[in-house]
2 protein chains.
Amino acid sequence: MENSKVDTADITADVVISQEALLNHWQGHRRLTRKAIEAFPEKELFDFSIGGMRPFSQLIMEIAGISATGLSGVVSGNWITLGELHGLREKMPATKKELLKMWDEITVQLDSLWPEVTVDRFQETVLAFRQWEGTVCSMILYWIDNEIHHRAQGFVYLRALGIEPPAFWDRS
Amino acid sequence: MENSKVDTADITADVVISQEALLNHWQGHRRLTRKAIEAFPEKELFDFSIGGMRPFSQLIMEIAGISATGLSGVVSGNWITLGELHGLREKMPATKKELLKMWDEITVQLDSLWPEVTVDRFQETVLAFRQWEGTVCSMILYWIDNEIHHRAQGFVYLRALGIEPPAFWDRS
């Protein structure tokens, strides 16, 4: 009895972020990024930029490519290379509508793959995209950070275009 | 014997992100933000902006204010109000050197306060800045996200000024 009581407490106590919370965190960010895509005018989504940076659609292709192939890499152990990841840019949809459709397909894919990552794997070291070494947890955090980073650049593009970006705090 | 074996495995298995890893993640982002501050020319740090947004120094004051008072709010239960948080802008240092000094003091403060957050508190619901309700974990993630978001806007400012921002992946 004494043993099981202590053990349950320890298990709860060690959870800083649960696996479910991390997926919700990621998908919440993805919902906000989707709203940023929607906020762009069709033309400027594909051609507006500041300071020689990539248009927002190209930043979105980077984020989408990492999300789609990264989590399947974690689950299957089969990673595409960085070169193949960059090559996904060539599959850029031609319209905002198609870009959003691609985005939504990845949303479903992530929800579907997530339960296949057993919780012990988050501390396992992987070589993501056969290039970046780190724990599964650190990789997924990095991908989310990268999405926040590039989306924020899109927010500046929107402001420069005189368009109010979606609210940063609203992940619904 | 059988019990303790299972229990140890379960405790390890439930850790998606450890408390120590989350602090390292945060401080790694703070090191990158520090490099972004350093990359700005003195004048433009305080007056350059795009699309009516705040200069980078003001974004930094927001991030610094949240970091400095947020974690002490978690630890002590005493939160300043949102109004008081915004009022911290008035304490804006006049030079880049002083801004960096303030930043470094907060770095030490966070390292010092972090062990005072017992691990069970990460799932506790708080009313941060007497305004935002959520778990301690979700609040800290939100503060980190907010830092990534505003720093990325500073990266666009740097690009627009013809300055190469620090490498996003380098958190050393």
# chains A, B, ... in the order shown; residues from 1 in each chain; ligands from 1
>>> closest_atom_pairs(of="chain A", to="chain B", cutoff="6 Å", atoms="only C-alpha atoms", output="JSON lines")
{"residue": "A:Ile11", "atom": "CA", "partner": "B:Ile11", "partner_atom": "CA", "distance": 4.8}
{"residue": "A:Ala13", "atom": "CA", "partner": "B:Asp120", "partner_atom": "CA", "distance": 4.6}
{"residue": "A:Val15", "atom": "CA", "partner": "B:Val15", "partner_atom": "CA", "distance": 5.4}
{"residue": "A:Val16", "atom": "CA", "partner": "B:Phe122", "partner_atom": "CA", "distance": 5.6}
{"residue": "A:Ile17", "atom": "CA", "partner": "B:Ile17", "partner_atom": "CA", "distance": 6.0}
{"residue": "A:Gly51", "atom": "CA", "partner": "B:Ala160", "partner_atom": "CA", "distance": 4.2}
{"residue": "A:Val119", "atom": "CA", "partner": "B:Ala13", "partner_atom": "CA", "distance": 5.6}
{"residue": "A:Asp120", "atom": "CA", "partner": "B:Ala13", "partner_atom": "CA", "distance": 4.5}
{"residue": "A:Phe122", "atom": "CA", "partner": "B:Val16", "partner_atom": "CA", "distance": 5.6}
{"residue": "A:Ile148", "atom": "CA", "partner": "B:His149", "partner_atom": "CA", "distance": 5.9}
{"residue": "A:His149", "atom": "CA", "partner": "B:Ala152", "partner_atom": "CA", "distance": 5.2}
{"residue": "A:Ala152", "atom": "CA", "partner": "B:His149", "partner_atom": "CA", "distance": 5.2}
{"residue": "A:Gln153", "atom": "CA", "partner": "B:Gln153", "partner_atom": "CA", "distance": 5.7}
{"residue": "A:Arg159", "atom": "CA", "partner": "B:Gly51", "partner_atom": "CA", "distance": 4.9}
{"residue": "A:Ala160", "atom": "CA", "partner": "B:Gly51", "partner_atom": "CA", "distance": 4.3}
>>> residues_around(residues="B:Gly83", least_positions_apart="6", cutoff="12 Å", atoms="only C-alpha atoms", output="number ranges by chain")
B: 65, 89-90, 129-131
>>> closest_residue(among="A:Ile106, A:Leu59, A:Leu100, A:Ile80", to="A:Ala39", atoms="only C-alpha atoms")
A:Leu100
>>> select_by_dssp(residues="stretch 74-104 of chain B", states="alpha helix (DSSP H)", output="list in words")
Val74, Val75, Ser76, Leu82, Gly83, Glu84, Leu85, His86, Gly87, Lys96, Lys97, Glu98, Leu99, Leu100, Lys101, Met102, Trp103 and Asp104 of chain B
>>> select_by_dssp(residues="stretch 20-140 of chain B", states="strand (DSSP E or B)", output="number ranges by chain")
B: 125-128, 132-135
>>> residues_around(residues="stretch 70-78 of chain A", least_positions_apart="6", cutoff="9 Å", atoms="only C-alpha atoms", output="PyMOL selection string")
chain A and resi 109-110+113-114+116-118+121+126+128-129+136+139-140+143
>>> decode(residues="stretch 35-65 of chain A", atoms="N, CA and C atoms", output="PDB file, in the first residue's frame")
ATOM      1  N   LYS A  35      -5.147  30.476 -39.511  1.00  0.00           N
ATOM      2  CA  LYS A  35      -5.825  31.781 -39.583  1.00  0.00           C
ATOM      3  C   LYS A  35      -4.923  32.832 -40.237  1.00  0.00           C
ATOM      4  N   ALA A  36      -3.610  32.725 -39.993  1.00  0.00           N
ATOM      5  CA  ALA A  36      -2.677  33.672 -40.629  1.00  0.00           C
ATOM      6  C   ALA A  36      -2.668  33.462 -42.148  1.00  0.00           C
ATOM      7  N   ILE A  37      -2.693  32.193 -42.582  1.00  0.00           N
ATOM      8  CA  ILE A  37      -2.758  31.920 -44.037  1.00  0.00           C
ATOM      9  C   ILE A  37      -4.029  32.553 -44.603  1.00  0.00           C
ATOM     10  N   GLU A  38      -5.134  32.307 -43.916  1.00  0.00           N
ATOM     11  CA  GLU A  38      -6.422  32.841 -44.385  1.00  0.00           C
ATOM     12  C   GLU A  38      -6.420  34.362 -44.488  1.00  0.00           C
ATOM     13  N   ALA A  39      -5.685  35.016 -43.573  1.00  0.00           N
ATOM     14  CA  ALA A  39      -5.699  36.480 -43.532  1.00  0.00           C
ATOM     15  C   ALA A  39      -4.977  37.113 -44.721  1.00  0.00           C
ATOM     16  N   PHE A  40      -4.093  36.342 -45.375  1.00  0.00           N
ATOM     17  CA  PHE A  40      -3.338  36.892 -46.507  1.00  0.00           C
ATOM     18  C   PHE A  40      -4.217  37.037 -47.742  1.00  0.00           C
ATOM     19  N   PRO A  41      -4.041  38.142 -48.471  1.00  0.00           N
ATOM     20  CA  PRO A  41      -4.660  38.221 -49.801  1.00  0.00           C
ATOM     21  C   PRO A  41      -3.992  37.166 -50.694  1.00  0.00           C
ATOM     22  N   GLU A  42      -4.741  36.634 -51.627  1.00  0.00           N
ATOM     23  CA  GLU A  42      -4.258  35.539 -52.495  1.00  0.00           C
ATOM     24  C   GLU A  42      -2.884  35.838 -53.113  1.00  0.00           C
ATOM     25  N   LYS A  43      -2.775  37.014 -53.735  1.00  0.00           N
ATOM     26  CA  LYS A  43      -1.542  37.343 -54.445  1.00  0.00           C
ATOM     27  C   LYS A  43      -0.356  37.483 -53.493  1.00  0.00           C
ATOM     28  N   GLU A  44      -0.545  38.236 -52.420  1.00  0.00           N
ATOM     29  CA  GLU A  44       0.549  38.527 -51.490  1.00  0.00           C
ATOM     30  C   GLU A  44       0.999  37.282 -50.715  1.00  0.00           C
ATOM     31  N   LEU A  45       0.129  36.330 -50.581  1.00  0.00           N
ATOM     32  CA  LEU A  45       0.514  35.066 -49.941  1.00  0.00           C
ATOM     33  C   LEU A  45       1.670  34.419 -50.690  1.00  0.00           C
ATOM     34  N   PHE A  46       1.652  34.595 -52.010  1.00  0.00           N
ATOM     35  CA  PHE A  46       2.643  33.932 -52.851  1.00  0.00           C
ATOM     36  C   PHE A  46       3.803  34.825 -53.293  1.00  0.00           C
ATOM     37  N   ASP A  47       3.633  36.164 -53.153  1.00  0.00           N
ATOM     38  CA  ASP A  47       4.743  36.986 -53.671  1.00  0.00           C
ATOM     39  C   ASP A  47       5.230  38.116 -52.771  1.00  0.00           C
ATOM     40  N   PHE A  48       4.539  38.395 -51.653  1.00  0.00           N
ATOM     41  CA  PHE A  48       4.992  39.520 -50.823  1.00  0.00           C
ATOM     42  C   PHE A  48       6.135  39.090 -49.903  1.00  0.00           C
ATOM     43  N   SER A  49       7.138  39.948 -49.792  1.00  0.00           N
ATOM     44  CA  SER A  49       8.206  39.660 -48.834  1.00  0.00           C
ATOM     45  C   SER A  49       8.880  40.943 -48.363  1.00  0.00           C
ATOM     46  N   ILE A  50       9.649  40.850 -47.307  1.00  0.00           N
ATOM     47  CA  ILE A  50      10.401  41.980 -46.745  1.00  0.00           C
ATOM     48  C   ILE A  50      11.857  41.546 -46.613  1.00  0.00           C
ATOM     49  N   GLY A  51      12.777  42.448 -46.966  1.00  0.00           N
ATOM     50  CA  GLY A  51      14.201  42.212 -46.712  1.00  0.00           C
ATOM     51  C   GLY A  51      14.760  40.963 -47.356  1.00  0.00           C
ATOM     52  N   GLY A  52      14.205  40.569 -48.502  1.00  0.00           N
ATOM     53  CA  GLY A  52      14.733  39.413 -49.220  1.00  0.00           C
ATOM     54  C   GLY A  52      14.294  38.075 -48.640  1.00  0.00           C
ATOM     55  N   MET A  53      13.372  38.096 -47.677  1.00  0.00           N
ATOM     56  CA  MET A  53      12.898  36.849 -47.089  1.00  0.00           C
ATOM     57  C   MET A  53      11.907  36.152 -48.028  1.00  0.00           C
ATOM     58  N   ARG A  54      11.604  34.898 -47.698  1.00  0.00           N
ATOM     59  CA  ARG A  54      10.664  34.137 -48.524  1.00  0.00           C
ATOM     60  C   ARG A  54       9.224  34.616 -48.318  1.00  0.00           C
ATOM     61  N   PRO A  55       8.395  34.538 -49.373  1.00  0.00           N
ATOM     62  CA  PRO A  55       6.966  34.827 -49.203  1.00  0.00           C
ATOM     63  C   PRO A  55       6.359  33.869 -48.166  1.00  0.00           C
ATOM     64  N   PHE A  56       5.224  34.250 -47.577  1.00  0.00           N
ATOM     65  CA  PHE A  56       4.635  33.457 -46.499  1.00  0.00           C
ATOM     66  C   PHE A  56       4.286  32.038 -46.956  1.00  0.00           C
ATOM     67  N   SER A  57       3.826  31.890 -48.199  1.00  0.00           N
ATOM     68  CA  SER A  57       3.481  30.545 -48.704  1.00  0.00           C
ATOM     69  C   SER A  57       4.694  29.618 -48.648  1.00  0.00           C
ATOM     70  N   GLN A  58       5.875  30.153 -48.903  1.00  0.00           N
ATOM     71  CA  GLN A  58       7.083  29.306 -48.857  1.00  0.00           C
ATOM     72  C   GLN A  58       7.455  28.948 -47.421  1.00  0.00           C
ATOM     73  N   LEU A  59       7.243  29.883 -46.510  1.00  0.00           N
ATOM     74  CA  LEU A  59       7.478  29.573 -45.091  1.00  0.00           C
ATOM     75  C   LEU A  59       6.493  28.485 -44.646  1.00  0.00           C
ATOM     76  N   ILE A  60       5.260  28.599 -45.136  1.00  0.00           N
ATOM     77  CA  ILE A  60       4.232  27.605 -44.798  1.00  0.00           C
ATOM     78  C   ILE A  60       4.606  26.230 -45.354  1.00  0.00           C
ATOM     79  N   MET A  61       5.165  26.192 -46.549  1.00  0.00           N
ATOM     80  CA  MET A  61       5.588  24.910 -47.125  1.00  0.00           C
ATOM     81  C   MET A  61       6.679  24.271 -46.265  1.00  0.00           C
ATOM     82  N   GLU A  62       7.583  25.102 -45.707  1.00  0.00           N
ATOM     83  CA  GLU A  62       8.612  24.549 -44.820  1.00  0.00           C
ATOM     84  C   GLU A  62       7.971  23.942 -43.568  1.00  0.00           C
ATOM     85  N   ILE A  63       7.078  24.716 -42.952  1.00  0.00           N
ATOM     86  CA  ILE A  63       6.416  24.242 -41.729  1.00  0.00           C
ATOM     87  C   ILE A  63       5.626  22.962 -42.018  1.00  0.00           C
ATOM     88  N   ALA A  64       4.865  22.993 -43.114  1.00  0.00           N
ATOM     89  CA  ALA A  64       4.002  21.854 -43.456  1.00  0.00           C
ATOM     90  C   ALA A  64       4.837  20.604 -43.744  1.00  0.00           C
ATOM     91  N   GLY A  65       5.933  20.788 -44.452  1.00  0.00           N
ATOM     92  CA  GLY A  65       6.788  19.655 -44.792  1.00  0.00           C
ATOM     93  C   GLY A  65       7.387  19.007 -43.556  1.00  0.00           C
TER      94      GLY A  65
END
